[in-house]
Structure formats: C-alpha cells, structure tokens
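Visitor: Pasting structure19.pdb below, which is PDB, N, CA and C atoms, pLDDT in the B column.
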```pdb
ATOM      1  N   MET K 171       7.454 -27.411  21.479  1.00 74.00           N
ATOM      2  CA  MET K 171       6.722 -28.464  20.799  1.00 74.00           C
ATOM      3  C   MET K 171       5.221 -28.170  20.872  1.00 74.00           C
ATOM      4  N   ILE K 172       4.550 -28.419  19.785  1.00 82.00           N
ATOM      5  CA  ILE K 172       3.116 -28.158  19.695  1.00 82.00           C
ATOM      6  C   ILE K 172       2.354 -29.352  20.270  1.00 82.00           C
ATOM      7  N   SER K 173       1.309 -29.065  20.992  1.00 92.00           N
ATOM      8  CA  SER K 173       0.533 -30.141  21.602  1.00 92.00           C
ATOM      9  C   SER K 173      -0.174 -30.972  20.532  1.00 92.00           C
ATOM     10  N   ILE K 174      -0.566 -32.144  20.904  1.00 92.00           N
ATOM     11  CA  ILE K 174      -1.256 -33.067  19.992  1.00 92.00           C
ATOM     12  C   ILE K 174      -2.567 -32.459  19.514  1.00 92.00           C
ATOM     13  N   LEU K 175      -3.287 -31.786  20.414  1.00 93.00           N
ATOM     14  CA  LEU K 175      -4.557 -31.179  20.050  1.00 93.00           C
ATOM     15  C   LEU K 175      -4.372 -30.105  18.982  1.00 93.00           C
ATOM     16  N   ALA K 176      -3.335 -29.279  19.133  1.00 93.00           N
ATOM     17  CA  ALA K 176      -3.063 -28.238  18.139  1.00 93.00           C
ATOM     18  C   ALA K 176      -2.654 -28.855  16.809  1.00 93.00           C
ATOM     19  N   GLN K 177      -1.886 -29.927  16.855  1.00 93.00           N
ATOM     20  CA  GLN K 177      -1.485 -30.599  15.618  1.00 93.00           C
ATOM     21  C   GLN K 177      -2.691 -31.184  14.891  1.00 93.00           C
ATOM     22  N   GLU K 178      -3.612 -31.766  15.641  1.00 94.00           N
ATOM     23  CA  GLU K 178      -4.820 -32.322  15.031  1.00 94.00           C
ATOM     24  C   GLU K 178      -5.665 -31.230  14.403  1.00 94.00           C
ATOM     25  N   ARG K 179      -5.776 -30.097  15.070  1.00 95.00           N
ATOM     26  CA  ARG K 179      -6.554 -28.991  14.514  1.00 95.00           C
ATOM     27  C   ARG K 179      -5.915 -28.448  13.242  1.00 95.00           C
ATOM     28  N   MET K 180      -4.600 -28.316  13.248  1.00 95.00           N
ATOM     29  CA  MET K 180      -3.909 -27.834  12.055  1.00 95.00           C
ATOM     30  C   MET K 180      -4.058 -28.810  10.895  1.00 95.00           C
ATOM     31  N   LEU K 181      -3.959 -30.104  11.196  1.00 95.00           N
ATOM     32  CA  LEU K 181      -4.139 -31.122  10.167  1.00 95.00           C
ATOM     33  C   LEU K 181      -5.558 -31.080   9.612  1.00 95.00           C
ATOM     34  N   GLY K 182      -6.550 -30.941  10.493  1.00 95.00           N
ATOM     35  CA  GLY K 182      -7.943 -30.862  10.057  1.00 95.00           C
ATOM     36  C   GLY K 182      -8.200 -29.637   9.191  1.00 95.00           C
ATOM     37  N   ALA K 183      -7.640 -28.497   9.600  1.00 96.00           N
ATOM     38  CA  ALA K 183      -7.821 -27.274   8.815  1.00 96.00           C
ATOM     39  C   ALA K 183      -7.161 -27.404   7.450  1.00 96.00           C
ATOM     40  N   THR K 184      -5.974 -27.978   7.414  1.00 96.00           N
ATOM     41  CA  THR K 184      -5.255 -28.160   6.148  1.00 96.00           C
ATOM     42  C   THR K 184      -6.003 -29.100   5.217  1.00 96.00           C
ATOM     43  N   LEU K 185      -6.465 -30.212   5.745  1.00 96.00           N
ATOM     44  CA  LEU K 185      -7.224 -31.160   4.924  1.00 96.00           C
ATOM     45  C   LEU K 185      -8.556 -30.558   4.460  1.00 96.00           C
ATOM     46  N   GLY K 186      -9.203 -29.790   5.319  1.00 95.00           N
ATOM     47  CA  GLY K 186     -10.446 -29.137   4.947  1.00 95.00           C
ATOM     48  C   GLY K 186     -10.250 -28.126   3.828  1.00 95.00           C
ATOM     49  N   CYS K 187      -9.184 -27.343   3.915  1.00 95.00           N
ATOM     50  CA  CYS K 187      -8.884 -26.365   2.862  1.00 95.00           C
ATOM     51  C   CYS K 187      -8.573 -27.066   1.547  1.00 95.00           C
ATOM     52  N   ALA K 188      -7.810 -28.137   1.605  1.00 95.00           N
ATOM     53  CA  ALA K 188      -7.465 -28.880   0.391  1.00 95.00           C
ATOM     54  C   ALA K 188      -8.715 -29.484  -0.247  1.00 95.00           C
ATOM     55  N   LEU K 189      -9.579 -30.080   0.564  1.00 95.00           N
ATOM     56  CA  LEU K 189     -10.805 -30.674   0.045  1.00 95.00           C
ATOM     57  C   LEU K 189     -11.711 -29.606  -0.571  1.00 95.00           C
ATOM     58  N   THR K 190     -11.832 -28.466   0.094  1.00 95.00           N
ATOM     59  CA  THR K 190     -12.648 -27.373  -0.438  1.00 95.00           C
ATOM     60  C   THR K 190     -12.088 -26.884  -1.760  1.00 95.00           C
ATOM     61  N   GLY K 191     -10.771 -26.748  -1.848  1.00 94.00           N
ATOM     62  CA  GLY K 191     -10.149 -26.313  -3.100  1.00 94.00           C
ATOM     63  C   GLY K 191     -10.419 -27.276  -4.234  1.00 94.00           C
ATOM     64  N   ILE K 192     -10.331 -28.564  -3.955  1.00 94.00           N
ATOM     65  CA  ILE K 192     -10.594 -29.571  -4.991  1.00 94.00           C
ATOM     66  C   ILE K 192     -12.050 -29.515  -5.443  1.00 94.00           C
ATOM     67  N   VAL K 193     -12.969 -29.406  -4.499  1.00 94.00           N
ATOM     68  CA  VAL K 193     -14.400 -29.354  -4.840  1.00 94.00           C
ATOM     69  C   VAL K 193     -14.704 -28.124  -5.675  1.00 94.00           C
ATOM     70  N   VAL K 194     -14.184 -26.967  -5.282  1.00 94.00           N
ATOM     71  CA  VAL K 194     -14.430 -25.732  -6.034  1.00 94.00           C
ATOM     72  C   VAL K 194     -13.841 -25.843  -7.434  1.00 94.00           C
ATOM     73  N   PHE K 195     -12.626 -26.383  -7.554  1.00 92.00           N
ATOM     74  CA  PHE K 195     -12.001 -26.542  -8.860  1.00 92.00           C
ATOM     75  C   PHE K 195     -12.840 -27.431  -9.769  1.00 92.00           C
ATOM     76  N   GLU K 196     -13.312 -28.550  -9.249  1.00 92.00           N
ATOM     77  CA  GLU K 196     -14.126 -29.463 -10.057  1.00 92.00           C
ATOM     78  C   GLU K 196     -15.450 -28.824 -10.474  1.00 92.00           C
ATOM     79  N   GLN K 197     -16.071 -28.065  -9.569  1.00 93.00           N
ATOM     80  CA  GLN K 197     -17.327 -27.411  -9.918  1.00 93.00           C
ATOM     81  C   GLN K 197     -17.115 -26.374 -11.015  1.00 93.00           C
ATOM     82  N   ARG K 198     -16.045 -25.588 -10.905  1.00 92.00           N
ATOM     83  CA  ARG K 198     -15.758 -24.599 -11.951  1.00 92.00           C
ATOM     84  C   ARG K 198     -15.475 -25.273 -13.278  1.00 92.00           C
ATOM     85  N   LYS K 199     -14.757 -26.368 -13.235  1.00 90.00           N
ATOM     86  CA  LYS K 199     -14.453 -27.106 -14.456  1.00 90.00           C
ATOM     87  C   LYS K 199     -15.742 -27.588 -15.121  1.00 90.00           C
ATOM     88  N   ARG K 200     -16.668 -28.107 -14.324  1.00 89.00           N
ATOM     89  CA  ARG K 200     -17.947 -28.578 -14.883  1.00 89.00           C
ATOM     90  C   ARG K 200     -18.776 -27.422 -15.419  1.00 89.00           C
ATOM     91  N   ILE K 201     -18.754 -26.279 -14.743  1.00 87.00           N
ATOM     92  CA  ILE K 201     -19.508 -25.114 -15.209  1.00 87.00           C
ATOM     93  C   ILE K 201     -18.954 -24.639 -16.546  1.00 87.00           C
ATOM     94  N   TYR K 202     -17.627 -24.524 -16.648  1.00 86.00           N
ATOM     95  CA  TYR K 202     -17.023 -24.083 -17.913  1.00 86.00           C
ATOM     96  C   TYR K 202     -17.299 -25.054 -19.033  1.00 86.00           C
ATOM     97  N   ASP K 203     -17.264 -26.349 -18.743  1.00 82.00           N
ATOM     98  CA  ASP K 203     -17.585 -27.346 -19.761  1.00 82.00           C
ATOM     99  C   ASP K 203     -19.028 -27.219 -20.225  1.00 82.00           C
ATOM    100  N   SER K 204     -19.957 -27.011 -19.290  1.00 82.00           N
ATOM    101  CA  SER K 204     -21.356 -26.909 -19.670  1.00 82.00           C
ATOM    102  C   SER K 204     -21.620 -25.630 -20.463  1.00 82.00           C
ATOM    103  N   VAL K 205     -20.925 -24.534 -20.111  1.00 80.00           N
ATOM    104  CA  VAL K 205     -21.101 -23.286 -20.859  1.00 80.00           C
ATOM    105  C   VAL K 205     -20.564 -23.439 -22.274  1.00 80.00           C
ATOM    106  N   SER K 206     -19.408 -24.075 -22.425  1.00 76.00           N
ATOM    107  CA  SER K 206     -18.846 -24.250 -23.767  1.00 76.00           C
ATOM    108  C   SER K 206     -19.726 -25.182 -24.605  1.00 76.00           C
ATOM    109  N   ASN K 207     -20.306 -26.203 -23.986  1.00 69.00           N
ATOM    110  CA  ASN K 207     -21.218 -27.086 -24.715  1.00 69.00           C
ATOM    111  C   ASN K 207     -22.468 -26.325 -25.138  1.00 69.00           C
ATOM    112  N   TYR K 208     -22.983 -25.463 -24.266  1.00 67.00           N
ATOM    113  CA  TYR K 208     -24.187 -24.695 -24.579  1.00 67.00           C
ATOM    114  C   TYR K 208     -23.915 -23.730 -25.718  1.00 67.00           C
ATOM    115  N   GLN K 209     -22.750 -23.079 -25.703  1.00 64.00           N
ATOM    116  CA  GLN K 209     -22.430 -22.124 -26.759  1.00 64.00           C
ATOM    117  C   GLN K 209     -22.242 -22.822 -28.097  1.00 64.00           C
ATOM    118  N   SER K 210     -21.710 -24.031 -28.091  1.00 61.00           N
ATOM    119  CA  SER K 210     -21.540 -24.746 -29.351  1.00 61.00           C
ATOM    120  C   SER K 210     -22.893 -25.203 -29.898  1.00 61.00           C
ATOM    121  N   GLU K 211     -23.880 -25.422 -29.022  1.00 58.00           N
ATOM    122  CA  GLU K 211     -25.217 -25.817 -29.471  1.00 58.00           C
ATOM    123  C   GLU K 211     -26.006 -24.638 -30.024  1.00 58.00           C
ATOM    124  N   MET K 212     -25.581 -23.421 -29.739  1.00 58.00           N
ATOM    125  CA  MET K 212     -26.333 -22.245 -30.160  1.00 58.00           C
ATOM    126  C   MET K 212     -26.081 -21.874 -31.615  1.00 58.00           C
ATOM    127  N   LYS K 213     -25.391 -22.679 -32.383  1.00 60.00           N
ATOM    128  CA  LYS K 213     -25.064 -22.364 -33.762  1.00 60.00           C
ATOM    129  C   LYS K 213     -26.199 -22.652 -34.733  1.00 60.00           C
ATOM    130  N   GLU K 214     -27.297 -23.223 -34.263  1.00 61.00           N
ATOM    131  CA  GLU K 214     -28.362 -23.541 -35.198  1.00 61.00           C
ATOM    132  C   GLU K 214     -29.022 -22.254 -35.694  1.00 61.00           C
ATOM    133  N   PRO K 215     -29.397 -22.223 -36.951  1.00 62.00           N
ATOM    134  CA  PRO K 215     -30.012 -21.014 -37.501  1.00 62.00           C
ATOM    135  C   PRO K 215     -31.394 -20.773 -36.914  1.00 62.00           C
ATOM    136  N   ILE K 216     -31.746 -19.492 -36.716  1.00 61.00           N
ATOM    137  CA  ILE K 216     -33.063 -19.198 -36.187  1.00 61.00           C
ATOM    138  C   ILE K 216     -33.919 -18.461 -37.205  1.00 61.00           C
ATOM    139  N   PHE K 217     -33.315 -17.614 -38.038  1.00 63.00           N
ATOM    140  CA  PHE K 217     -34.046 -16.941 -39.113  1.00 63.00           C
ATOM    141  C   PHE K 217     -33.333 -17.244 -40.418  1.00 63.00           C
ATOM    142  N   GLY K 218     -33.681 -18.335 -41.030  1.00 67.00           N
ATOM    143  CA  GLY K 218     -33.034 -18.705 -42.280  1.00 67.00           C
ATOM    144  C   GLY K 218     -31.605 -19.156 -42.043  1.00 67.00           C
ATOM    145  N   LYS K 219     -30.636 -18.369 -42.527  1.00 68.00           N
ATOM    146  CA  LYS K 219     -29.229 -18.756 -42.428  1.00 68.00           C
ATOM    147  C   LYS K 219     -28.504 -18.052 -41.297  1.00 68.00           C
ATOM    148  N   ILE K 220     -29.168 -17.168 -40.558  1.00 69.00           N
ATOM    149  CA  ILE K 220     -28.520 -16.402 -39.492  1.00 69.00           C
ATOM    150  C   ILE K 220     -28.569 -17.197 -38.185  1.00 69.00           C
ATOM    151  N   SER K 221     -27.401 -17.372 -37.565  1.00 72.00           N
ATOM    152  CA  SER K 221     -27.365 -18.074 -36.280  1.00 72.00           C
ATOM    153  C   SER K 221     -27.734 -17.101 -35.168  1.00 72.00           C
ATOM    154  N   ARG K 222     -27.924 -17.618 -33.978  1.00 73.00           N
ATOM    155  CA  ARG K 222     -28.312 -16.784 -32.843  1.00 73.00           C
ATOM    156  C   ARG K 222     -27.270 -15.719 -32.526  1.00 73.00           C
ATOM    157  N   SER K 223     -25.988 -16.106 -32.544  1.00 74.00           N
ATOM    158  CA  SER K 223     -24.943 -15.137 -32.212  1.00 74.00           C
ATOM    159  C   SER K 223     -24.861 -14.040 -33.270  1.00 74.00           C
ATOM    160  N   GLU K 224     -25.001 -14.398 -34.548  1.00 80.00           N
ATOM    161  CA  GLU K 224     -24.992 -13.388 -35.604  1.00 80.00           C
ATOM    162  C   GLU K 224     -26.205 -12.463 -35.490  1.00 80.00           C
ATOM    163  N   PHE K 225     -27.357 -13.035 -35.162  1.00 81.00           N
ATOM    164  CA  PHE K 225     -28.553 -12.227 -34.991  1.00 81.00           C
ATOM    165  C   PHE K 225     -28.409 -11.272 -33.811  1.00 81.00           C
ATOM    166  N   ALA K 226     -27.825 -11.743 -32.708  1.00 83.00           N
ATOM    167  CA  ALA K 226     -27.611 -10.885 -31.541  1.00 83.00           C
ATOM    168  C   ALA K 226     -26.662  -9.747 -31.877  1.00 83.00           C
ATOM    169  N   LEU K 227     -25.610 -10.028 -32.627  1.00 88.00           N
ATOM    170  CA  LEU K 227     -24.667  -8.982 -33.024  1.00 88.00           C
ATOM    171  C   LEU K 227     -25.354  -7.959 -33.924  1.00 88.00           C
ATOM    172  N   LEU K 228     -26.123  -8.422 -34.876  1.00 88.00           N
ATOM    173  CA  LEU K 228     -26.855  -7.517 -35.771  1.00 88.00           C
ATOM    174  C   LEU K 228     -27.855  -6.671 -34.995  1.00 88.00           C
ATOM    175  N   TRP K 229     -28.558  -7.285 -34.048  1.00 89.00           N
ATOM    176  CA  TRP K 229     -29.523  -6.568 -33.210  1.00 89.00           C
ATOM    177  C   TRP K 229     -28.834  -5.475 -32.399  1.00 89.00           C
ATOM    178  N   ASN K 230     -27.708  -5.798 -31.773  1.00 91.00           N
ATOM    179  CA  ASN K 230     -26.988  -4.816 -30.957  1.00 91.00           C
ATOM    180  C   ASN K 230     -26.486  -3.649 -31.789  1.00 91.00           C
ATOM    181  N   LYS K 231     -25.978  -3.929 -32.982  1.00 92.00           N
ATOM    182  CA  LYS K 231     -25.514  -2.850 -33.861  1.00 92.00           C
ATOM    183  C   LYS K 231     -26.667  -1.938 -34.262  1.00 92.00           C
ATOM    184  N   THR K 232     -27.818  -2.517 -34.567  1.00 91.00           N
ATOM    185  CA  THR K 232     -28.987  -1.736 -34.967  1.00 91.00           C
ATOM    186  C   THR K 232     -29.467  -0.854 -33.824  1.00 91.00           C
ATOM    187  N   VAL K 233     -29.537  -1.397 -32.632  1.00 90.00           N
ATOM    188  CA  VAL K 233     -29.977  -0.624 -31.475  1.00 90.00           C
ATOM    189  C   VAL K 233     -28.987   0.506 -31.197  1.00 90.00           C
ATOM    190  N   ASP K 234     -27.696   0.221 -31.307  1.00 88.00           N
ATOM    191  CA  ASP K 234     -26.691   1.268 -31.103  1.00 88.00           C
ATOM    192  C   ASP K 234     -26.858   2.398 -32.112  1.00 88.00           C
ATOM    193  N   GLN K 235     -27.102   2.060 -33.368  1.00 90.00           N
ATOM    194  CA  GLN K 235     -27.262   3.087 -34.399  1.00 90.00           C
ATOM    195  C   GLN K 235     -28.517   3.920 -34.165  1.00 90.00           C
ATOM    196  N   ILE K 236     -29.558   3.307 -33.660  1.00 89.00           N
ATOM    197  CA  ILE K 236     -30.808   4.027 -33.433  1.00 89.00           C
ATOM    198  C   ILE K 236     -30.658   5.005 -32.278  1.00 89.00           C
ATOM    199  N   PHE K 237     -29.989   4.606 -31.212  1.00 89.00           N
ATOM    200  CA  PHE K 237     -29.932   5.430 -30.010  1.00 89.00           C
ATOM    201  C   PHE K 237     -28.746   6.379 -29.947  1.00 89.00           C
ATOM    202  N   VAL K 238     -27.893   6.413 -30.974  1.00 87.00           N
ATOM    203  CA  VAL K 238     -26.762   7.350 -30.968  1.00 87.00           C
ATOM    204  C   VAL K 238     -27.241   8.799 -30.890  1.00 87.00           C
ATOM    205  N   PRO K 239     -28.241   9.233 -31.677  1.00 85.00           N
ATOM    206  CA  PRO K 239     -28.692  10.625 -31.559  1.00 85.00           C
ATOM    207  C   PRO K 239     -29.236  10.965 -30.168  1.00 85.00           C
ATOM    208  N   VAL K 240     -29.924  10.041 -29.550  1.00 85.00           N
ATOM    209  CA  VAL K 240     -30.465  10.281 -28.207  1.00 85.00           C
ATOM    210  C   VAL K 240     -29.328  10.436 -27.201  1.00 85.00           C
ATOM    211  N   ILE K 241     -28.347   9.576 -27.302  1.00 82.00           N
ATOM    212  CA  ILE K 241     -27.204   9.654 -26.379  1.00 82.00           C
ATOM    213  C   ILE K 241     -26.434  10.943 -26.590  1.00 82.00           C
ATOM    214  N   GLU K 242     -26.248  11.354 -27.840  1.00 84.00           N
ATOM    215  CA  GLU K 242     -25.540  12.605 -28.109  1.00 84.00           C
ATOM    216  C   GLU K 242     -26.322  13.800 -27.573  1.00 84.00           C
ATOM    217  N   ALA K 243     -27.650  13.778 -27.696  1.00 84.00           N
ATOM    218  CA  ALA K 243     -28.463  14.884 -27.192  1.00 84.00           C
ATOM    219  C   ALA K 243     -28.373  14.962 -25.670  1.00 84.00           C
ATOM    220  N   ILE K 244     -28.408  13.843 -24.996  1.00 84.00           N
ATOM    221  CA  ILE K 244     -28.293  13.845 -23.538  1.00 84.00           C
ATOM    222  C   ILE K 244     -26.894  14.259 -23.116  1.00 84.00           C
ATOM    223  N   SER K 245     -25.892  13.823 -23.842  1.00 83.00           N
ATOM    224  CA  SER K 245     -24.516  14.192 -23.508  1.00 83.00           C
ATOM    225  C   SER K 245     -24.264  15.671 -23.706  1.00 83.00           C
ATOM    226  N   SER K 246     -24.917  16.269 -24.695  1.00 83.00           N
ATOM    227  CA  SER K 246     -24.701  17.704 -24.940  1.00 83.00           C
ATOM    228  C   SER K 246     -25.313  18.556 -23.834  1.00 83.00           C
ATOM    229  N   ARG K 247     -26.265  18.011 -23.104  1.00 79.00           N
ATOM    230  CA  ARG K 247     -26.873  18.727 -21.973  1.00 79.00           C
ATOM    231  C   ARG K 247     -26.080  18.537 -20.695  1.00 79.00           C
ATOM    232  N   ARG K 248     -25.011  17.781 -20.751  1.00 69.00           N
ATOM    233  CA  ARG K 248     -24.111  17.512 -19.623  1.00 69.00           C
ATOM    234  C   ARG K 248     -24.826  16.813 -18.465  1.00 69.00           C
ATOM    235  N   TRP K 249     -25.511  15.752 -18.765  1.00 58.00           N
ATOM    236  CA  TRP K 249     -26.167  14.964 -17.728  1.00 58.00           C
ATOM    237  C   TRP K 249     -25.221  14.001 -17.143  1.00 58.00           C
TER     238      TRP K 249
END
```
Rewrite the coordinates I just gave you, this time as structure tokens.

Guide:
Amino acid sequence: MISILAQERMLGATLGCALTGIVVFEQRKRIYDSVSNYQSEMKEPIFGKISRSEFALLWNKTVDQIFVPVIEAISSRRW
C-alpha cells in the first residue's frame, strides 16, 4: 500500500500536468485564432488591385528569377 504522502504527491503531479495541458491548449488555440484573423485582414490592396499576399508572391518570383544565374554560377564552382 502506498503511503498517504506519496498518494498526495501523485495526485498533485497529475493535477498539475492536467492544468498545464489545458493552459497550453488554450494558449495555442488563441494564437491560431489570432493568426487566422490577422491573415484574413491582410487581404486589403496595397498597390491598386494587388493584395499583400499576391505582391509577396510576385516579389519572391522576381527575386528568384534575378538570382538564378548567380546561384548557377556558384553551384558550378562546387561551393
């Protein structure tokens, strides 16, 4: 039979773990909700009819096209 002190410690540890799990779950839920709300707000146009996400995609494609020759030159030197 387990002593009363050991039972109390096990109960405290179990309740502490459960409470921590609930708190972490709620915080993650709030973070995901705030991120999804922020992303839905980012749809406003910034340059005429282009939204921020479309502009970011266009910017990334342009930068990739510009730096392809540089990357190929460095890759051919086996860096």

Visitor: For a test of reading the model, state the distance in Å between atom C of Arg222 of chain K and atom CA of Gln197 of chain K, rounded to one decimal.

Guide: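 Pair atom C of Arg222 of chain K / atom CA of Gln197 of chain K returns 27.3 Å.
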
Visitor: State, in Å with one decimal place, the distance from atom C of Gly182 of chain K to atom N of Val194 of chain K.

Guide: 15.9 Å

Visitor: When you draw a straight line from atom CA of Phe225 of chain K to atom CA of Ala243 of chain K, how long is it in Å?

Guide: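 Here the two named atoms are 28.2 Å from each other.
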
Visitor: Quick one: what's the axis-aligned box for segment 241-245 of chain K, all listed atoms, 5 Å on every side, centre and edges in Å to one decimal, as JSON?

Guide:
```
{"center_x": -26.4, "center_y": 12.6, "center_z": -25.6, "size_x": 14.2, "size_y": 16.1, "size_z": 15.0}
```
